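The file work_7.txt comes next; it holds compact mmCIF, C-alpha atoms.
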# COMPACT_ATOMS: atom_id res chain seq x y z
CA MET E 2 60.30 140.01 76.32
CA PRO E 3 59.72 141.36 79.80
CA ASP E 4 58.23 144.82 80.05
CA GLU E 5 58.17 147.47 82.70
CA ALA E 6 54.38 147.52 83.00
CA SER E 7 54.21 143.86 84.02
CA LEU E 8 57.13 144.32 86.41
CA LEU E 9 55.41 147.24 88.15
CA ALA E 10 52.19 145.22 88.28
CA ALA E 11 54.09 142.45 90.08
CA ASN E 12 55.40 145.01 92.55
CA ARG E 13 51.88 146.29 93.20
CA ALA E 14 50.72 142.70 93.72
CA TYR E 15 53.34 142.31 96.45
CA TYR E 16 52.00 145.30 98.38
CA ARG E 17 48.40 144.25 97.72
CA ALA E 18 49.16 140.88 99.34
CA PHE E 19 50.48 142.84 102.34
CA SER E 20 47.47 145.14 102.56
CA SER E 21 44.99 142.31 102.33
CA ASN E 22 46.94 139.99 104.65
CA ASP E 23 46.81 137.45 101.84
CA PHE E 24 49.43 134.83 102.62
CA THR E 25 48.38 132.66 99.66
CA ALA E 26 49.09 135.54 97.27
CA MET E 27 52.36 136.34 99.07
CA ASN E 28 53.39 132.69 98.81
CA GLU E 29 52.76 132.74 95.06
CA ILE E 30 54.61 136.00 94.46
CA TRP E 31 57.86 134.64 95.87
CA GLY E 32 60.06 132.45 93.66
CA GLN E 33 60.68 128.77 94.26
CA GLY E 34 64.46 128.89 94.06
CA ASP E 35 67.06 130.84 95.96
CA ILE E 36 65.29 133.69 97.70
CA SER E 37 66.40 136.14 100.35
CA CYS E 38 64.84 138.87 102.45
CA VAL E 39 66.00 141.59 104.83
CA HIS E 40 63.14 143.08 106.84
CA PRO E 41 63.97 146.38 108.58
CA GLY E 42 66.24 145.70 111.54
CA TRP E 43 66.34 141.96 110.92
CA PRO E 44 69.26 139.76 109.94
CA VAL E 45 69.03 138.32 106.43
CA LEU E 46 66.62 135.44 105.87
CA VAL E 47 67.80 132.95 103.27
CA GLY E 48 65.68 130.28 101.60
CA ARG E 49 61.99 129.85 100.98
CA GLN E 50 61.15 128.29 104.34
CA ALA E 51 62.62 131.12 106.44
CA VAL E 52 61.37 133.90 104.19
CA LEU E 53 57.79 132.67 103.93
CA ALA E 54 57.63 131.89 107.66
CA SER E 55 58.50 135.53 108.33
CA TYR E 56 55.69 136.73 106.07
CA ARG E 57 53.23 134.36 107.72
CA ASP E 58 54.07 135.91 111.10
CA ILE E 59 53.94 139.47 109.76
CA LEU E 60 50.59 139.03 108.02
CA ARG E 61 49.14 137.47 111.18
CA ASN E 62 50.45 140.24 113.42
CA PRO E 63 47.54 142.50 114.46
CA GLN E 64 50.00 145.27 115.37
CA GLN E 65 51.51 145.36 111.89
CA GLU E 66 51.01 148.86 110.55
CA PRO E 67 49.65 149.35 107.01
CA ILE E 68 52.29 149.77 104.31
CA GLN E 69 51.91 152.20 101.46
CA HIS E 70 54.35 152.37 98.58
CA ARG E 71 55.20 155.16 96.16
CA ASN E 72 57.94 156.60 93.93
CA GLU E 73 58.53 153.38 92.02
CA THR E 74 61.64 153.10 89.86
CA ALA E 75 62.00 150.08 87.60
CA MET E 76 65.23 148.61 86.22
CA LEU E 77 64.90 145.85 83.64
CA SER E 78 67.59 143.56 82.27
CA ALA E 79 66.80 140.43 80.25
CA THR E 80 64.79 138.19 82.56
CA GLU E 81 65.37 140.18 85.73
CA GLY E 82 63.80 143.28 87.08
CA ARG E 83 64.39 145.46 90.10
CA VAL E 84 61.81 147.83 91.51
CA PHE E 85 62.85 150.45 94.04
CA CYS E 86 60.17 152.29 95.94
CA VAL E 87 59.54 154.21 99.12
CA GLU E 88 57.50 152.39 101.75
CA ILE E 89 55.52 154.40 104.28
CA VAL E 90 54.94 152.38 107.45
CA GLY E 91 53.31 154.46 110.15
CA GLU E 92 55.56 157.51 110.48
CA ALA E 93 58.60 155.75 109.04
CA ALA E 94 59.81 155.93 105.46
CA LEU E 95 61.91 153.14 104.00
CA VAL E 96 63.66 152.43 100.72
CA ALA E 97 62.67 149.01 99.42
CA THR E 98 64.38 146.92 96.78
CA ASN E 99 62.16 144.27 95.22
CA TRP E 100 64.08 142.01 92.86
CA PHE E 101 62.06 139.86 90.48
CA ARG E 102 62.93 137.09 88.04
CA LEU E 103 60.80 136.09 85.07
CA VAL E 104 59.78 132.44 85.46
CA ASP E 105 57.47 130.88 82.86
CA GLY E 106 56.21 134.32 81.93
CA ALA E 107 55.50 135.47 85.49
CA TRP E 108 57.56 137.80 87.65
CA ARG E 109 58.59 136.09 90.89
CA LEU E 110 60.22 137.85 93.78
CA VAL E 111 63.72 136.57 94.59
CA HIS E 112 64.89 139.27 97.03
CA HIS E 113 63.41 142.00 99.19
CA GLN E 114 65.23 144.47 101.38
CA ALA E 115 63.88 147.54 103.14
CA SER E 116 66.09 150.20 104.75
CA PRO E 117 65.02 153.22 106.78
CA LEU E 118 65.32 156.55 104.99
CA ALA E 119 67.08 159.20 107.06
CA THR E 120 64.69 161.87 105.84
CA LEU E 121 61.53 161.82 103.82
CA SER E 122 61.15 165.52 103.13
CA GLU E 123 64.57 165.93 101.56
CA PRO E 124 65.17 162.75 99.57
CA GLN E 125 68.14 164.24 97.72
CA SER E 126 70.03 165.30 100.82
CA ARG E 127 72.89 163.24 102.11
CA PRO E 128 72.80 162.10 105.71
CA ARG E 129 75.82 163.00 107.77
CA SER E 130 76.94 159.46 108.41
CA LEU E 131 78.19 158.25 105.08
CA HIS E 132 79.15 154.78 104.10
CA MET A 28 81.12 127.79 86.13
CA PRO A 29 81.10 130.36 88.89
CA ASP A 30 82.21 129.22 92.30
CA GLU A 31 81.65 130.44 95.81
CA ALA A 32 85.32 131.04 96.54
CA SER A 33 85.69 133.56 93.72
CA LEU A 34 82.43 135.24 94.71
CA LEU A 35 83.59 135.67 98.30
CA ALA A 36 86.93 136.95 97.03
CA ALA A 37 85.05 139.63 95.04
CA ASN A 38 83.16 140.59 98.17
CA ARG A 39 86.43 140.92 100.10
CA ALA A 40 87.82 143.07 97.30
CA TYR A 41 84.88 145.45 97.72
CA TYR A 42 85.65 145.97 101.41
CA ARG A 43 89.37 146.18 100.71
CA ALA A 44 88.70 149.04 98.27
CA PHE A 45 86.80 150.74 101.10
CA SER A 46 89.50 150.20 103.69
CA SER A 47 92.25 151.48 101.43
CA ASN A 48 90.21 154.40 100.04
CA ASP A 49 90.97 153.01 96.61
CA PHE A 50 88.52 154.60 94.21
CA THR A 51 90.18 152.99 91.19
CA ALA A 52 89.56 149.54 92.63
CA MET A 53 86.01 150.49 93.63
CA ASN A 54 85.36 151.76 90.12
CA GLU A 55 86.54 148.45 88.67
CA ILE A 56 84.50 146.31 91.05
CA TRP A 57 81.22 147.88 89.96
CA GLY A 58 79.57 146.66 86.73
CA GLN A 59 79.21 148.75 83.61
CA GLY A 60 75.51 148.21 83.07
CA ASP A 61 72.50 148.79 85.24
CA ILE A 62 73.72 149.24 88.78
CA SER A 63 72.03 150.44 91.94
CA CYS A 64 73.01 151.27 95.49
CA VAL A 65 71.26 152.09 98.77
CA HIS A 66 73.63 153.52 101.38
CA PRO A 67 72.28 153.55 104.94
CA GLY A 68 69.68 156.29 105.26
CA TRP A 69 70.00 157.34 101.63
CA PRO A 70 67.48 157.15 98.81
CA VAL A 71 68.34 154.68 96.07
CA LEU A 72 71.06 155.66 93.61
CA VAL A 73 70.50 154.32 90.12
CA GLY A 74 73.08 154.19 87.32
CA ARG A 75 76.84 154.17 87.22
CA GLN A 76 77.33 157.92 87.38
CA ALA A 77 75.30 158.43 90.57
CA VAL A 78 76.62 155.32 92.29
CA LEU A 79 80.30 155.96 91.62
CA ALA A 80 79.98 159.65 92.51
CA SER A 81 78.69 158.57 95.93
CA TYR A 82 81.69 156.30 96.45
CA ARG A 83 84.08 159.02 95.39
CA ASP A 84 82.61 161.27 98.08
CA ILE A 85 82.59 158.54 100.70
CA LEU A 86 86.19 157.49 100.07
CA ARG A 87 87.29 161.14 100.23
CA ASN A 88 85.44 161.80 103.47
CA PRO A 89 87.95 162.02 106.35
CA GLN A 90 85.14 161.37 108.85
CA GLN A 91 84.14 158.09 107.24
CA GLU A 92 84.53 155.41 109.89
CA PRO A 93 86.31 152.15 109.01
CA ILE A 94 84.08 149.30 107.86
CA GLN A 95 84.65 145.72 108.89
CA HIS A 96 82.64 142.86 107.47
CA ARG A 97 81.91 139.40 108.82
CA ASN A 98 79.39 136.54 108.76
CA GLU A 99 79.39 136.18 104.98
CA THR A 100 76.68 134.09 103.37
CA ALA A 101 76.92 133.35 99.65
CA MET A 102 74.08 132.46 97.29
CA LEU A 103 75.04 131.40 93.79
CA SER A 104 72.80 130.93 90.77
CA ALA A 105 74.14 130.54 87.22
CA THR A 106 75.99 133.79 86.48
CA GLU A 107 74.78 135.71 89.51
CA GLY A 108 75.84 135.69 93.09
CA ARG A 109 74.63 137.40 96.24
CA VAL A 110 76.74 137.85 99.33
CA PHE A 111 75.12 138.86 102.59
CA CYS A 112 77.30 140.00 105.43
CA VAL A 113 77.30 142.06 108.58
CA GLU A 114 79.10 145.40 108.36
CA ILE A 115 80.48 146.96 111.52
CA VAL A 116 80.76 150.74 111.13
CA GLY A 117 81.78 152.39 114.37
CA GLU A 118 79.25 151.13 116.91
CA ALA A 119 76.62 150.35 114.29
CA ALA A 120 75.94 146.95 112.74
CA LEU A 121 74.35 146.67 109.34
CA VAL A 122 73.18 143.89 107.06
CA ALA A 123 74.64 144.31 103.60
CA THR A 124 73.53 142.71 100.36
CA ASN A 125 76.20 142.69 97.67
CA TRP A 126 74.85 141.39 94.38
CA PHE A 127 77.39 140.39 91.74
CA ARG A 128 77.14 139.33 88.10
CA LEU A 129 79.76 137.31 86.26
CA VAL A 130 81.04 139.36 83.30
CA ASP A 131 83.83 137.92 81.14
CA GLY A 132 84.90 135.69 84.01
CA ALA A 133 84.98 138.44 86.66
CA TRP A 134 82.41 139.17 89.34
CA ARG A 135 81.09 142.72 89.04
CA LEU A 136 78.90 144.39 91.61
CA VAL A 137 75.46 145.34 90.29
CA HIS A 138 73.71 146.24 93.55
CA HIS A 139 74.61 147.11 97.13
CA GLN A 140 72.26 147.83 100.00
CA ALA A 141 73.05 148.16 103.69
CA SER A 142 70.40 148.24 106.41
CA PRO A 143 70.88 148.83 110.14
CA LEU A 144 70.55 145.75 112.30
CA ALA A 145 68.26 146.27 115.27
CA THR A 146 70.53 144.21 117.51
CA LEU A 147 73.96 142.75 117.09
CA SER A 148 74.11 140.58 120.18
CA GLU A 149 70.92 138.66 119.40
CA PRO A 150 70.92 138.23 115.65
CA GLN A 151 68.10 135.66 115.70
CA SER A 152 65.72 137.80 117.71
CA ARG A 153 62.90 139.60 116.00
CA PRO A 154 62.57 143.32 116.51
CA ARG A 155 59.20 144.54 117.69
CA SER A 156 58.40 146.49 114.57
CA LEU A 157 57.77 143.91 111.92
CA HIS A 158 57.26 144.43 108.24

Encoding of this model in structure tokens:
Amino acid sequence: MPDEASLLAANRAYYRAFSSNDFTAMNEIWGQGDISCVHPGWPVLVGRQAVLASYRDILRNPQQEPIQHRNETAMLSATEGRVFCVEIVGEAALVATNWFRLVDGAWRLVHHQASPLATLSEPQSRPRSLH
Amino acid sequence: MPDEASLLAANRAYYRAFSSNDFTAMNEIWGQGDISCVHPGWPVLVGRQAVLASYRDILRNPQQEPIQHRNETAMLSATEGRVFCVEIVGEAALVATNWFRLVDGAWRLVHHQASPLATLSEPQSRPRSLH
């Protein structure tokens, strides 16, 4: 049975791959099947080739700011797990969804999406522009 | 077996519920189990109570701008389906992920996240700030 501790460990491994510019680790974290990714401001990337190419560029980019993550929330169901967390990138705060699937006993990322937070200091407040 | 046509129909039903301010329809579209939602600028909402309360407020809000959707991309796997599309809200363009699960033959939404697109006119371009 999947457990929350291993799911959160997989999420930490994702950010560790970022911090260490480790493309090999990033490549392993992502699933082999249908995967998708929405980087902030980007259109959706669909499929392993497009998604991993984006990470190769990002990890090679010397201007890429360090990413810290915090406030993890895990949601487990059968062989799937979502982790929501706040990413701090420079002065920006984002909400990230990292969606994992359990494959042969290992959590593999099948979707990532990061959205800018309107405010960091008041996370419970509701921005004016609803949708 | 799930099919793409029914998945895209479920996605259209989600935006139809928006357009018609139909909270009953919106309530039915969302799954009963673990659900999550990230509105633009908001922190993540986890669980049916928080998610549906947000939609009740949004659908009641007279200042809520109409939402159009286009450029749908479907990704099907077993009993799950993701639909990515571009939302046009006023002058803003967003990338939305709508994640459905097949429950008793009906697609139910289990996750929604919308992120601002950096540019609408050049959807293939890469914004300066990578991550």

Which residue, A:Arg83, A:Arg97, A:Arg75, A:His66, has the smallest gap to chain E when you use all atoms listed in the file?
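Looking only at the distances to chain E, the closest residue turns out to be A:His66.
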
Any chance you could tabulate, as JSON lines, the residues of chain E at most 6 Å from chain A with each one's nearest atom pair and distance in Å to one decimal, using all atoms listed in the file, in chain and rising number order?
{"residue": "E:Gly42", "atom": "CA", "partner": "A:Ala145", "partner_atom": "CA", "distance": 4.3}
{"residue": "E:Trp43", "atom": "CA", "partner": "A:Leu144", "partner_atom": "CA", "distance": 5.8}
{"residue": "E:Ser116", "atom": "CA", "partner": "A:Ser142", "partner_atom": "CA", "distance": 5.0}
{"residue": "E:Pro117", "atom": "CA", "partner": "A:Gly68", "partner_atom": "CA", "distance": 5.8}
{"residue": "E:Leu118", "atom": "CA", "partner": "A:Gly68", "partner_atom": "CA", "distance": 4.4}
{"residue": "E:Ala119", "atom": "CA", "partner": "A:Gly68", "partner_atom": "CA", "distance": 4.3}

Interatomic distance, CA of Leu34 in chain A to CA of Ser46 in chain A (Å, one decimal):
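That distance, rounded to one decimal, is 18.8 Å.
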
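Between CA of Thr51 in chain A and CA of His96 in chain A the separation is 20.6 Å.
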
Using only C-alpha atoms, determine which residues lie at most 12 Å from Gln33 in chain E, disregarding the query and same-chain residues fewer than 4 positions distant; provide the list as a PyMOL selection string.
chain E and resi 28-29+37+48-50+52-53+101-104+108-112

Here CA of Ala77 in chain A and CA of Ala93 in chain E stand apart by 25.0 Å

May I have the protein, DNA and RNA residues with any atom at most 10 Å from the point (85.0, 134.6, 100.9), counting all atoms listed in the file, written as a PDB file with C-alpha atoms, keeping the file's coordinate frame?
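Done, and the output landed in selection20.pdb:
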ATOM      1  CA  GLU A  31      81.650 130.440  95.810  1.00  0.00           C
ATOM      2  CA  ALA A  32      85.320 131.040  96.540  1.00  0.00           C
ATOM      3  CA  SER A  33      85.690 133.560  93.720  1.00  0.00           C
ATOM      4  CA  LEU A  34      82.430 135.240  94.710  1.00  0.00           C
ATOM      5  CA  LEU A  35      83.590 135.670  98.300  1.00  0.00           C
ATOM      6  CA  ALA A  36      86.930 136.950  97.030  1.00  0.00           C
ATOM      7  CA  ALA A  37      85.050 139.630  95.040  1.00  0.00           C
ATOM      8  CA  ASN A  38      83.160 140.590  98.170  1.00  0.00           C
ATOM      9  CA  ARG A  39      86.430 140.920 100.100  1.00  0.00           C
ATOM     10  CA  ALA A  40      87.820 143.070  97.300  1.00  0.00           C
ATOM     11  CA  ARG A  97      81.910 139.400 108.820  1.00  0.00           C
ATOM     12  CA  ASN A  98      79.390 136.540 108.760  1.00  0.00           C
ATOM     13  CA  GLU A  99      79.390 136.180 104.980  1.00  0.00           C
ATOM     14  CA  THR A 100      76.680 134.090 103.370  1.00  0.00           C
ATOM     15  CA  ALA A 101      76.920 133.350  99.650  1.00  0.00           C
ATOM     16  CA  VAL A 110      76.740 137.850  99.330  1.00  0.00           C
TER      17      VAL A 110
END

Best match for closeness to Pro3 in chain E among E:Trp100, E:His113, E:Thr80, E:Asp105, counting all atoms listed in the file
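Going through E:Trp100, E:His113, E:Thr80, E:Asp105 one by one, the smallest distance to Pro3 in chain E is for E:Thr80.
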
Can you give me N, CA and C atoms for range 64-95 of chain E, written as a PDB file, in the coordinates of the input?
ATOM      1  N   GLN E  64      49.374 143.959 115.151  1.00  0.00           N
ATOM      2  CA  GLN E  64      50.000 145.270 115.370  1.00  0.00           C
ATOM      3  C   GLN E  64      50.783 145.761 114.149  1.00  0.00           C
ATOM      4  N   GLN E  65      50.805 144.940 113.103  1.00  0.00           N
ATOM      5  CA  GLN E  65      51.510 145.360 111.890  1.00  0.00           C
ATOM      6  C   GLN E  65      50.826 146.587 111.286  1.00  0.00           C
ATOM      7  N   GLU E  66      51.592 147.649 111.118  1.00  0.00           N
ATOM      8  CA  GLU E  66      51.010 148.860 110.550  1.00  0.00           C
ATOM      9  C   GLU E  66      50.845 148.728 109.038  1.00  0.00           C
ATOM     10  N   PRO E  67      49.843 149.397 108.473  1.00  0.00           N
ATOM     11  CA  PRO E  67      49.650 149.350 107.010  1.00  0.00           C
ATOM     12  C   PRO E  67      50.888 149.879 106.286  1.00  0.00           C
ATOM     13  N   ILE E  68      51.147 149.337 105.122  1.00  0.00           N
ATOM     14  CA  ILE E  68      52.290 149.770 104.310  1.00  0.00           C
ATOM     15  C   ILE E  68      51.776 150.367 103.016  1.00  0.00           C
ATOM     16  N   GLN E  69      52.191 151.586 102.756  1.00  0.00           N
ATOM     17  CA  GLN E  69      51.910 152.200 101.460  1.00  0.00           C
ATOM     18  C   GLN E  69      53.212 152.295 100.688  1.00  0.00           C
ATOM     19  N   HIS E  70      53.118 152.217  99.367  1.00  0.00           N
ATOM     20  CA  HIS E  70      54.350 152.370  98.580  1.00  0.00           C
ATOM     21  C   HIS E  70      54.142 153.455  97.530  1.00  0.00           C
ATOM     22  N   ARG E  71      55.253 154.101  97.174  1.00  0.00           N
ATOM     23  CA  ARG E  71      55.200 155.160  96.160  1.00  0.00           C
ATOM     24  C   ARG E  71      56.597 155.362  95.551  1.00  0.00           C
ATOM     25  N   ASN E  72      56.662 156.266  94.582  1.00  0.00           N
ATOM     26  CA  ASN E  72      57.940 156.600  93.930  1.00  0.00           C
ATOM     27  C   ASN E  72      58.649 155.368  93.367  1.00  0.00           C
ATOM     28  N   GLU E  73      57.924 154.589  92.584  1.00  0.00           N
ATOM     29  CA  GLU E  73      58.530 153.380  92.020  1.00  0.00           C
ATOM     30  C   GLU E  73      59.528 153.712  90.912  1.00  0.00           C
ATOM     31  N   THR E  74      60.654 153.024  90.937  1.00  0.00           N
ATOM     32  CA  THR E  74      61.640 153.100  89.860  1.00  0.00           C
ATOM     33  C   THR E  74      61.929 151.681  89.408  1.00  0.00           C
ATOM     34  N   ALA E  75      61.776 151.429  88.120  1.00  0.00           N
ATOM     35  CA  ALA E  75      62.000 150.080  87.600  1.00  0.00           C
ATOM     36  C   ALA E  75      63.322 149.998  86.845  1.00  0.00           C
ATOM     37  N   MET E  76      63.982 148.863  86.940  1.00  0.00           N
ATOM     38  CA  MET E  76      65.230 148.610  86.220  1.00  0.00           C
ATOM     39  C   MET E  76      65.146 147.199  85.632  1.00  0.00           C
ATOM     40  N   LEU E  77      65.088 147.125  84.330  1.00  0.00           N
ATOM     41  CA  LEU E  77      64.900 145.850  83.640  1.00  0.00           C
ATOM     42  C   LEU E  77      66.174 145.398  82.957  1.00  0.00           C
ATOM     43  N   SER E  78      66.493 144.106  83.056  1.00  0.00           N
ATOM     44  CA  SER E  78      67.590 143.560  82.270  1.00  0.00           C
ATOM     45  C   SER E  78      67.299 142.103  81.972  1.00  0.00           C
ATOM     46  N   ALA E  79      67.091 141.804  80.696  1.00  0.00           N
ATOM     47  CA  ALA E  79      66.800 140.430  80.250  1.00  0.00           C
ATOM     48  C   ALA E  79      65.637 139.861  81.048  1.00  0.00           C
ATOM     49  N   THR E  80      65.887 138.844  81.836  1.00  0.00           N
ATOM     50  CA  THR E  80      64.790 138.190  82.560  1.00  0.00           C
ATOM     51  C   THR E  80      64.774 138.573  84.030  1.00  0.00           C
ATOM     52  N   GLU E  81      65.391 139.712  84.352  1.00  0.00           N
ATOM     53  CA  GLU E  81      65.370 140.180  85.730  1.00  0.00           C
ATOM     54  C   GLU E  81      64.871 141.609  85.798  1.00  0.00           C
ATOM     55  N   GLY E  82      64.269 141.922  86.893  1.00  0.00           N
ATOM     56  CA  GLY E  82      63.800 143.280  87.080  1.00  0.00           C
ATOM     57  C   GLY E  82      63.862 143.688  88.533  1.00  0.00           C
ATOM     58  N   ARG E  83      64.366 144.893  88.753  1.00  0.00           N
ATOM     59  CA  ARG E  83      64.390 145.460  90.100  1.00  0.00           C
ATOM     60  C   ARG E  83      63.360 146.579  90.172  1.00  0.00           C
ATOM     61  N   VAL E  84      62.663 146.668  91.262  1.00  0.00           N
ATOM     62  CA  VAL E  84      61.810 147.830  91.510  1.00  0.00           C
ATOM     63  C   VAL E  84      62.239 148.434  92.844  1.00  0.00           C
ATOM     64  N   PHE E  85      62.549 149.708  92.818  1.00  0.00           N
ATOM     65  CA  PHE E  85      62.850 150.450  94.040  1.00  0.00           C
ATOM     66  C   PHE E  85      61.645 151.321  94.334  1.00  0.00           C
ATOM     67  N   CYS E  86      61.270 151.394  95.585  1.00  0.00           N
ATOM     68  CA  CYS E  86      60.170 152.290  95.940  1.00  0.00           C
ATOM     69  C   CYS E  86      60.322 152.719  97.390  1.00  0.00           C
ATOM     70  N   VAL E  87      59.563 153.736  97.736  1.00  0.00           N
ATOM     71  CA  VAL E  87      59.540 154.210  99.120  1.00  0.00           C
ATOM     72  C   VAL E  87      58.337 153.570  99.800  1.00  0.00           C
ATOM     73  N   GLU E  88      58.580 152.952 100.945  1.00  0.00           N
ATOM     74  CA  GLU E  88      57.500 152.390 101.750  1.00  0.00           C
ATOM     75  C   GLU E  88      57.211 153.358 102.904  1.00  0.00           C
ATOM     76  N   ILE E  89      55.942 153.609 103.130  1.00  0.00           N
ATOM     77  CA  ILE E  89      55.520 154.400 104.280  1.00  0.00           C
ATOM     78  C   ILE E  89      54.844 153.444 105.257  1.00  0.00           C
ATOM     79  N   VAL E  90      55.456 153.296 106.431  1.00  0.00           N
ATOM     80  CA  VAL E  90      54.940 152.380 107.450  1.00  0.00           C
ATOM     81  C   VAL E  90      54.775 153.203 108.726  1.00  0.00           C
ATOM     82  N   GLY E  91      53.530 153.545 109.037  1.00  0.00           N
ATOM     83  CA  GLY E  91      53.310 154.460 110.150  1.00  0.00           C
ATOM     84  C   GLY E  91      53.977 155.787 109.833  1.00  0.00           C
ATOM     85  N   GLU E  92      54.853 156.244 110.726  1.00  0.00           N
ATOM     86  CA  GLU E  92      55.560 157.510 110.480  1.00  0.00           C
ATOM     87  C   GLU E  92      56.933 157.300 109.855  1.00  0.00           C
ATOM     88  N   ALA E  93      57.273 156.043 109.601  1.00  0.00           N
ATOM     89  CA  ALA E  93      58.600 155.750 109.040  1.00  0.00           C
ATOM     90  C   ALA E  93      58.554 155.664 107.523  1.00  0.00           C
ATOM     91  N   ALA E  94      59.647 156.091 106.905  1.00  0.00           N
ATOM     92  CA  ALA E  94      59.810 155.930 105.460  1.00  0.00           C
ATOM     93  C   ALA E  94      61.010 155.024 105.217  1.00  0.00           C
ATOM     94  N   LEU E  95      60.848 154.095 104.294  1.00  0.00           N
ATOM     95  CA  LEU E  95      61.910 153.140 104.000  1.00  0.00           C
ATOM     96  C   LEU E  95      62.153 153.091 102.495  1.00  0.00           C
TER      97      LEU E  95
END
